[in-house]
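Text of query_20.cif (mmCIF, C-alpha atoms) as supplied:
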```
data_query
#
loop_
_atom_site.label_atom_id
_atom_site.label_comp_id
_atom_site.auth_asym_id
_atom_site.auth_seq_id
_atom_site.Cartn_x
_atom_site.Cartn_y
_atom_site.Cartn_z
CA MET A 7 0.00 0.00 0.00
CA ALA A 8 2.90 2.33 0.64
CA GLN A 9 4.20 1.85 -2.84
CA GLU A 10 1.55 3.94 -4.62
CA ASN A 11 4.06 6.79 -4.60
CA ASN A 12 6.71 4.82 -6.43
CA THR A 13 5.11 6.37 -9.49
CA ASN A 14 6.73 9.66 -8.53
CA ALA A 15 6.06 10.87 -12.02
CA HIS A 16 5.84 14.47 -13.08
CA PRO A 17 2.43 15.95 -12.14
CA THR A 18 1.50 16.13 -15.85
CA HIS A 19 2.28 12.43 -16.42
CA PRO A 20 -0.91 10.45 -17.24
CA LEU A 21 -0.34 8.03 -14.34
CA ALA A 22 0.19 10.90 -11.92
CA ARG A 23 -3.00 12.62 -13.10
CA LEU A 24 -4.95 9.37 -12.77
CA ALA A 25 -3.60 8.76 -9.25
CA THR A 26 -4.53 12.31 -8.21
CA PHE A 27 -8.03 11.94 -9.66
CA CYS A 28 -8.61 8.62 -7.86
CA ARG A 29 -7.31 10.02 -4.58
CA THR A 30 -9.55 13.09 -4.91
CA CYS A 31 -12.60 10.87 -5.44
CA ILE A 32 -11.74 8.72 -2.42
CA PHE A 33 -11.20 11.78 -0.22
CA ARG A 34 -14.52 13.28 -1.30
CA LEU A 35 -16.27 10.07 -0.27
CA LEU A 36 -14.44 10.07 3.07
CA SER A 37 -15.39 13.70 3.64
CA VAL A 38 -19.06 12.73 3.78
CA GLY A 39 -18.27 11.45 7.28
CA PRO A 40 -16.32 13.08 10.11
CA ILE A 41 -12.65 13.76 9.40
CA PRO A 42 -10.18 13.80 12.29
CA THR A 43 -9.05 17.25 13.38
CA HIS A 44 -5.76 15.93 14.74
CA LEU A 45 -3.70 12.90 13.67
CA ALA A 46 -0.61 11.82 15.62
CA PHE A 47 2.06 9.43 14.38
CA ILE A 48 4.78 7.41 16.08
CA MET A 49 7.18 6.98 13.18
CA ASP A 50 8.54 3.55 14.09
CA GLY A 51 10.59 1.29 11.85
CA ASN A 52 13.13 3.40 9.97
CA ARG A 53 16.10 1.32 11.10
CA ARG A 54 14.29 -1.97 10.51
CA PHE A 55 13.35 -0.77 7.03
CA ALA A 56 17.02 -0.19 6.21
CA LYS A 57 17.99 -3.64 7.54
CA LYS A 58 15.11 -5.31 5.72
CA HIS A 59 16.25 -3.87 2.40
CA HIS A 60 20.01 -4.15 3.13
CA LEU A 61 20.47 -0.39 2.92
CA GLN A 62 23.18 1.78 4.43
CA GLU A 63 22.74 3.18 7.92
CA GLY A 64 20.73 6.38 7.76
CA THR A 65 18.93 5.49 4.53
CA GLY A 66 15.95 4.30 6.55
CA HIS A 67 15.62 7.73 8.18
CA LYS A 68 15.71 9.40 4.76
CA ALA A 69 13.00 7.02 3.52
CA GLY A 70 11.04 7.88 6.67
CA TYR A 71 11.23 11.57 5.80
CA MET A 72 9.75 10.86 2.36
CA ALA A 73 6.94 8.92 4.04
CA LEU A 74 6.23 11.94 6.24
CA MET A 75 5.98 14.17 3.16
CA ARG A 76 3.44 11.76 1.65
CA ILE A 77 1.33 11.70 4.80
CA LEU A 78 1.39 15.50 5.12
CA LYS A 79 0.24 15.80 1.52
CA TYR A 80 -2.69 13.45 2.12
CA CYS A 81 -3.62 15.15 5.39
CA HIS A 82 -3.61 18.53 3.67
CA GLU A 83 -5.90 17.22 0.93
CA LEU A 84 -8.22 15.75 3.57
CA ARG A 85 -8.18 19.05 5.50
CA VAL A 86 -6.79 17.53 8.67
CA LYS A 87 -5.88 20.64 10.66
CA TYR A 88 -3.23 19.22 13.03
CA VAL A 89 -0.56 16.57 12.47
CA THR A 90 1.84 15.58 15.26
CA VAL A 91 4.85 13.33 14.68
CA TYR A 92 7.21 11.72 17.18
CA ALA A 93 10.53 12.46 15.52
CA PHE A 94 13.09 11.98 18.30
CA SER A 95 12.67 10.88 21.90
CA ILE A 96 14.86 12.02 24.78
CA ASP A 97 15.63 8.31 25.18
CA ASN A 98 17.02 8.22 21.62
CA PHE A 99 20.03 10.21 22.82
CA ARG A 100 21.19 6.94 24.40
CA ARG A 101 21.79 5.42 20.97
CA SER A 102 25.28 5.31 19.49
CA PRO A 103 26.88 8.76 19.03
CA ASP A 104 27.27 8.08 15.30
CA GLU A 105 23.56 7.38 14.85
CA VAL A 106 22.53 10.40 16.94
CA LYS A 107 24.83 12.64 14.87
CA LEU A 108 23.47 11.16 11.64
CA VAL A 109 19.88 11.85 12.72
CA MET A 110 20.73 15.37 13.91
CA ASP A 111 22.48 16.15 10.62
CA LEU A 112 19.51 14.86 8.64
CA MET A 113 17.13 16.80 10.88
CA LEU A 114 19.13 20.00 10.38
CA ASP A 115 19.08 19.56 6.60
CA LYS A 116 15.33 18.93 6.49
CA ILE A 117 14.48 21.74 8.93
CA GLN A 118 16.49 24.22 6.87
CA GLY A 119 14.67 22.93 3.80
CA LEU A 120 11.36 24.00 5.34
CA LEU A 121 12.41 27.62 4.85
CA GLN A 122 12.78 27.22 1.08
CA GLN A 123 10.17 28.87 -1.16
CA ASP A 124 9.15 25.56 -2.74
CA SER A 125 8.91 23.69 0.56
CA ILE A 126 5.81 21.95 1.88
CA VAL A 127 5.45 24.80 4.40
CA ALA A 128 4.97 27.33 1.61
CA GLN A 129 2.74 25.03 -0.45
CA TYR A 130 0.33 24.15 2.35
CA GLY A 131 0.53 27.23 4.59
CA LEU A 132 1.88 25.11 7.44
CA ARG A 133 2.58 26.48 10.86
CA VAL A 134 5.36 24.44 12.48
CA HIS A 135 5.85 23.87 16.20
CA PHE A 136 8.81 21.97 17.61
CA ILE A 137 7.65 20.29 20.79
CA GLY A 138 10.00 19.13 23.53
CA THR A 139 12.98 20.12 25.65
CA LEU A 140 14.71 21.89 22.77
CA HIS A 141 17.84 22.88 24.70
CA LEU A 142 18.89 19.20 24.49
CA LEU A 143 19.26 19.53 20.72
CA SER A 144 22.53 20.52 19.11
CA GLU A 145 22.82 24.28 18.72
CA PRO A 146 22.51 24.34 14.89
CA VAL A 147 19.35 22.19 15.02
CA ARG A 148 17.84 24.28 17.81
CA ILE A 149 18.54 27.57 16.01
CA ALA A 150 17.10 26.19 12.75
CA ALA A 151 13.97 25.00 14.59
CA GLN A 152 13.48 28.42 16.17
CA LYS A 153 13.83 30.11 12.76
CA VAL A 154 11.18 27.86 11.24
CA MET A 155 8.76 28.48 14.12
CA LYS A 156 9.24 32.22 13.80
CA ALA A 157 8.92 32.18 10.00
CA THR A 158 5.68 30.15 10.07
CA ALA A 159 4.05 31.82 13.10
CA LYS A 160 1.42 33.58 10.97
CA ASN A 161 0.46 30.51 8.92
CA ASN A 162 -2.90 29.05 9.91
CA ARG A 163 -4.12 26.61 7.28
CA CYS A 164 -2.49 23.54 8.83
CA VAL A 165 -0.32 22.90 11.87
CA LEU A 166 2.60 20.46 12.05
CA LEU A 167 3.88 19.60 15.52
CA ILE A 168 7.28 17.88 15.54
CA CYS A 169 8.13 16.24 18.85
CA VAL A 170 11.91 16.24 19.28
CA ALA A 171 13.85 15.72 22.50
CA TYR A 172 10.45 14.78 23.87
CA THR A 173 8.87 12.27 26.23
CA ALA A 174 5.43 12.51 27.78
CA THR A 175 6.80 12.05 31.30
CA ASP A 176 9.19 14.96 30.75
CA GLU A 177 6.32 17.08 29.40
CA ILE A 178 4.10 16.26 32.38
CA THR A 179 6.88 16.86 34.91
CA ARG A 180 7.73 20.26 33.44
CA ALA A 181 4.03 21.21 33.26
CA VAL A 182 3.55 20.40 36.95
CA GLU A 183 6.70 22.36 37.85
CA GLY A 184 5.56 25.33 35.77
CA SER A 185 2.11 25.24 37.37
CA CYS A 186 3.62 25.22 40.86
CA ARG A 187 5.92 28.16 40.08
CA ALA A 188 3.01 30.14 38.64
CA LYS A 189 0.98 29.53 41.81
CA CYS A 190 3.72 30.52 44.26
CA ASP A 191 2.63 34.13 44.64
CA GLU A 192 -1.12 33.52 44.52
CA LYS A 193 -3.40 33.29 47.55
CA ASP A 194 -4.96 30.11 46.21
CA ALA A 195 -1.87 27.97 45.74
CA SER A 196 -3.76 24.81 44.81
CA VAL A 197 -2.82 23.44 41.39
CA LYS A 198 -5.82 22.43 39.26
CA LEU A 199 -6.03 20.29 36.16
CA VAL A 200 -6.49 23.33 33.95
CA ASP A 201 -3.29 24.85 35.37
CA ILE A 202 -1.25 21.80 34.39
CA GLU A 203 -2.78 21.56 30.92
CA LYS A 204 -2.01 25.24 30.31
CA HIS A 205 1.70 24.50 30.85
CA MET A 206 1.85 21.40 28.65
CA TYR A 207 4.01 21.57 25.52
CA MET A 208 1.00 20.31 23.56
CA ALA A 209 -1.30 23.09 24.78
CA VAL A 210 -0.99 24.59 21.28
CA ALA A 211 -3.19 21.81 19.82
CA PRO A 212 -6.34 19.87 20.68
CA GLU A 213 -6.02 16.25 21.81
CA PRO A 214 -5.42 13.80 18.94
CA ASP A 215 -8.37 11.96 17.43
CA VAL A 216 -6.26 9.09 16.08
CA LEU A 217 -2.79 7.96 17.13
CA VAL A 218 -1.00 5.78 14.58
CA ARG A 219 2.04 3.69 15.46
CA THR A 220 3.64 1.78 12.61
CA SER A 221 5.50 -1.58 12.76
CA GLY A 222 2.54 -3.30 14.41
CA GLU A 223 3.56 -2.13 17.87
CA SER A 224 0.78 -1.09 20.25
CA ARG A 225 3.07 0.62 22.81
CA LEU A 226 2.86 4.40 23.16
CA SER A 227 6.56 4.66 24.01
CA ASN A 228 6.12 7.68 26.26
CA PHE A 229 4.33 9.70 23.59
CA LEU A 230 1.31 11.95 24.34
CA LEU A 231 0.35 9.91 27.41
CA TRP A 232 -1.61 12.85 28.85
CA GLN A 233 -3.46 13.63 25.62
CA SER A 234 -4.29 10.15 24.25
CA SER A 235 -6.75 8.80 26.81
CA SER A 236 -9.75 9.21 24.49
CA CYS A 237 -8.26 8.79 21.04
CA LEU A 238 -8.35 5.85 18.66
CA LEU A 239 -5.17 3.77 18.44
CA TYR A 240 -4.15 2.19 15.13
CA ALA A 241 -1.07 -0.01 14.69
CA PRO A 242 -0.52 -1.16 11.08
CA ASN A 243 2.19 -3.77 10.50
CA ALA A 244 3.91 -1.56 7.92
CA LEU A 245 7.21 0.03 8.89
CA TRP A 246 7.10 3.82 8.86
CA PRO A 247 8.77 4.25 5.43
CA GLU A 248 6.17 1.81 4.04
CA ILE A 249 3.12 3.72 5.29
CA GLY A 250 0.88 4.90 2.51
CA LEU A 251 -2.52 6.06 1.37
CA GLY A 252 -4.26 2.78 2.19
CA HIS A 253 -3.16 2.89 5.82
CA LEU A 254 -4.41 6.46 6.22
CA ILE A 255 -7.77 5.63 4.62
CA TRP A 256 -8.17 2.62 6.93
CA ALA A 257 -7.37 4.75 9.99
CA ILE A 258 -10.00 7.32 9.01
CA LEU A 259 -12.62 4.67 8.25
CA ASN A 260 -12.05 3.18 11.71
CA PHE A 261 -12.33 6.66 13.21
CA GLN A 262 -15.63 7.25 11.42
CA ARG A 263 -16.98 3.86 12.49
CA LYS A 264 -16.18 4.57 16.16
CA HIS A 265 -16.79 8.31 16.11
CA SER A 266 -19.99 8.29 18.17
CA TYR A 267 -18.40 6.14 20.87
CA LEU A 268 -15.26 8.31 21.00
CA GLU A 269 -17.32 11.49 21.29
CA LYS A 270 -19.32 10.02 24.17
CA LYS A 271 -16.12 8.97 25.90
CA LYS A 272 -14.66 12.48 25.57
CA LYS A 273 -17.76 14.01 27.15
CA MET A 274 -17.49 11.61 30.11
CA THR A 275 -13.87 12.62 30.90
#
```
Just give me the structure as structure tokens.
Amino acid sequence: MAQENNTNAHPTHPLARLATFCRTCIFRLLSVGPIPTHLAFIMDGNRRFAKKHHLQEGTGHKAGYMALMRILKYCHELRVKYVTVYAFSIDNFRRSPDEVKLVMDLMLDKIQGLLQQDSIVAQYGLRVHFIGTLHLLSEPVRIAAQKVMKATAKNNRCVLLICVAYTATDEITRAVEGSCRAKCDEKDASVKLVDIEKHMYMAVAPEPDVLVRTSGESRLSNFLLWQSSSCLLYAPNALWPEIGLGHLIWAILNFQRKHSYLEKKKKMT
């Protein structure tokens, strides 16, 4: 299913036009039902993809980036307002220094690419947020991330949230600490749920409607633990670079089938 984009033909190529027409028809049918406002993705399987295909180290991450571009394109066409991706966990810093450097270098290259005139940011009017403890990133990556956030601050058509140097436990801990500091000088020093949520990194977006983790894994891996209590979980067997249109359609169909139940559950929490 992920291979529908192997026909990366020029947009005027007959096959490309046919693929676009078919996708438009499918999306119009899907749009008759509810469309998720917020999709979140745990991009799992880049390294396994490289091993599976006997590719050089790092090639899997590059293939994963191309998969992300595909998904963002489809989400834009479906008018999904928010997309959150788990790009790099705090725990990933424990990997070998060579792999961490490779990922940081690739991240720097792709972040800088977002500032180009022909980038996906310019095409789709994306606002980009980098979510996490950003001071843990290398200085060039952190500076590039800050530039992108500043440059896209006025965009409002779609929002891309990239979780880097992130874990949910770190987010929750820092939110509680921030809430306590904010309450220090107030007469009512009790910390309420709303106070904590206001200090969450993810306060810039609504809770996800669907959380997708590739590679068939059903673990959340310390991702959006606070925000995912009422969302639909979907774990296709495909590795992240293999994710494609079919997987996204299936996720949305499942969301539509369970929409009434999910809405009732949200109202109860």
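The smallest atom-to-atom distance between Arg163 of chain A and any of A:Arg148, A:Arg101, A:Arg225, A:His82, using only C-alpha atoms, is found for A:His82.
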Requested in this report: Determine, counting all atoms listed in the file, which protein, DNA and RNA residues have an atom within 12 Å of an atom of Val216 of chain A; residues of the same chain fewer than 2 positions away are not included. Present the result as a ChimeraX atom specification.
Outcome: /A:41-48,86,88-91,212-214,218-219,230,233-241,254,256-262,264-265,268
Val170 of chain A proximity check over A:His253, A:His135, A:Arg23, A:Arg85, using all atoms listed in the file: winner is A:His135
Scan for residues within 8 Å of the point (4.7, 24.5, 30.5) in the coordinates of the file, using all atoms listed in the file, and reply as an mmCIF file with C-alpha atoms, in the coordinates of the input.
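Result file follows (point_7.cif):
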```cif
data_model
loop_
_atom_site.group_PDB
_atom_site.id
_atom_site.type_symbol
_atom_site.label_atom_id
_atom_site.label_comp_id
_atom_site.auth_asym_id
_atom_site.auth_seq_id
_atom_site.Cartn_x
_atom_site.Cartn_y
_atom_site.Cartn_z
ATOM 1 C CA GLU A 177 6.320 17.080 29.400
ATOM 2 C CA ARG A 180 7.730 20.260 33.440
ATOM 3 C CA ALA A 181 4.030 21.210 33.260
ATOM 4 C CA VAL A 182 3.550 20.400 36.950
ATOM 5 C CA GLU A 183 6.700 22.360 37.850
ATOM 6 C CA GLY A 184 5.560 25.330 35.770
ATOM 7 C CA SER A 185 2.110 25.240 37.370
ATOM 8 C CA ILE A 202 -1.250 21.800 34.390
ATOM 9 C CA LYS A 204 -2.010 25.240 30.310
ATOM 10 C CA HIS A 205 1.700 24.500 30.850
ATOM 11 C CA MET A 206 1.850 21.400 28.650
ATOM 12 C CA TYR A 207 4.010 21.570 25.520
#
```
The residue from A:Gln129, A:Ser144, A:Ser221, A:Ser95 with the smallest atom-to-atom distance to Asp176 of chain A, counting all atoms listed in the file, is A:Ser95
Selected residue, from A:Val197, A:Val210, A:Ile255, A:Ile178, that lies nearest to Leu166 of chain A when counting all atoms listed in the file =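 Once distances to Leu166 of chain A are computed over all atoms listed in the file, the minimum belongs to A:Val210.
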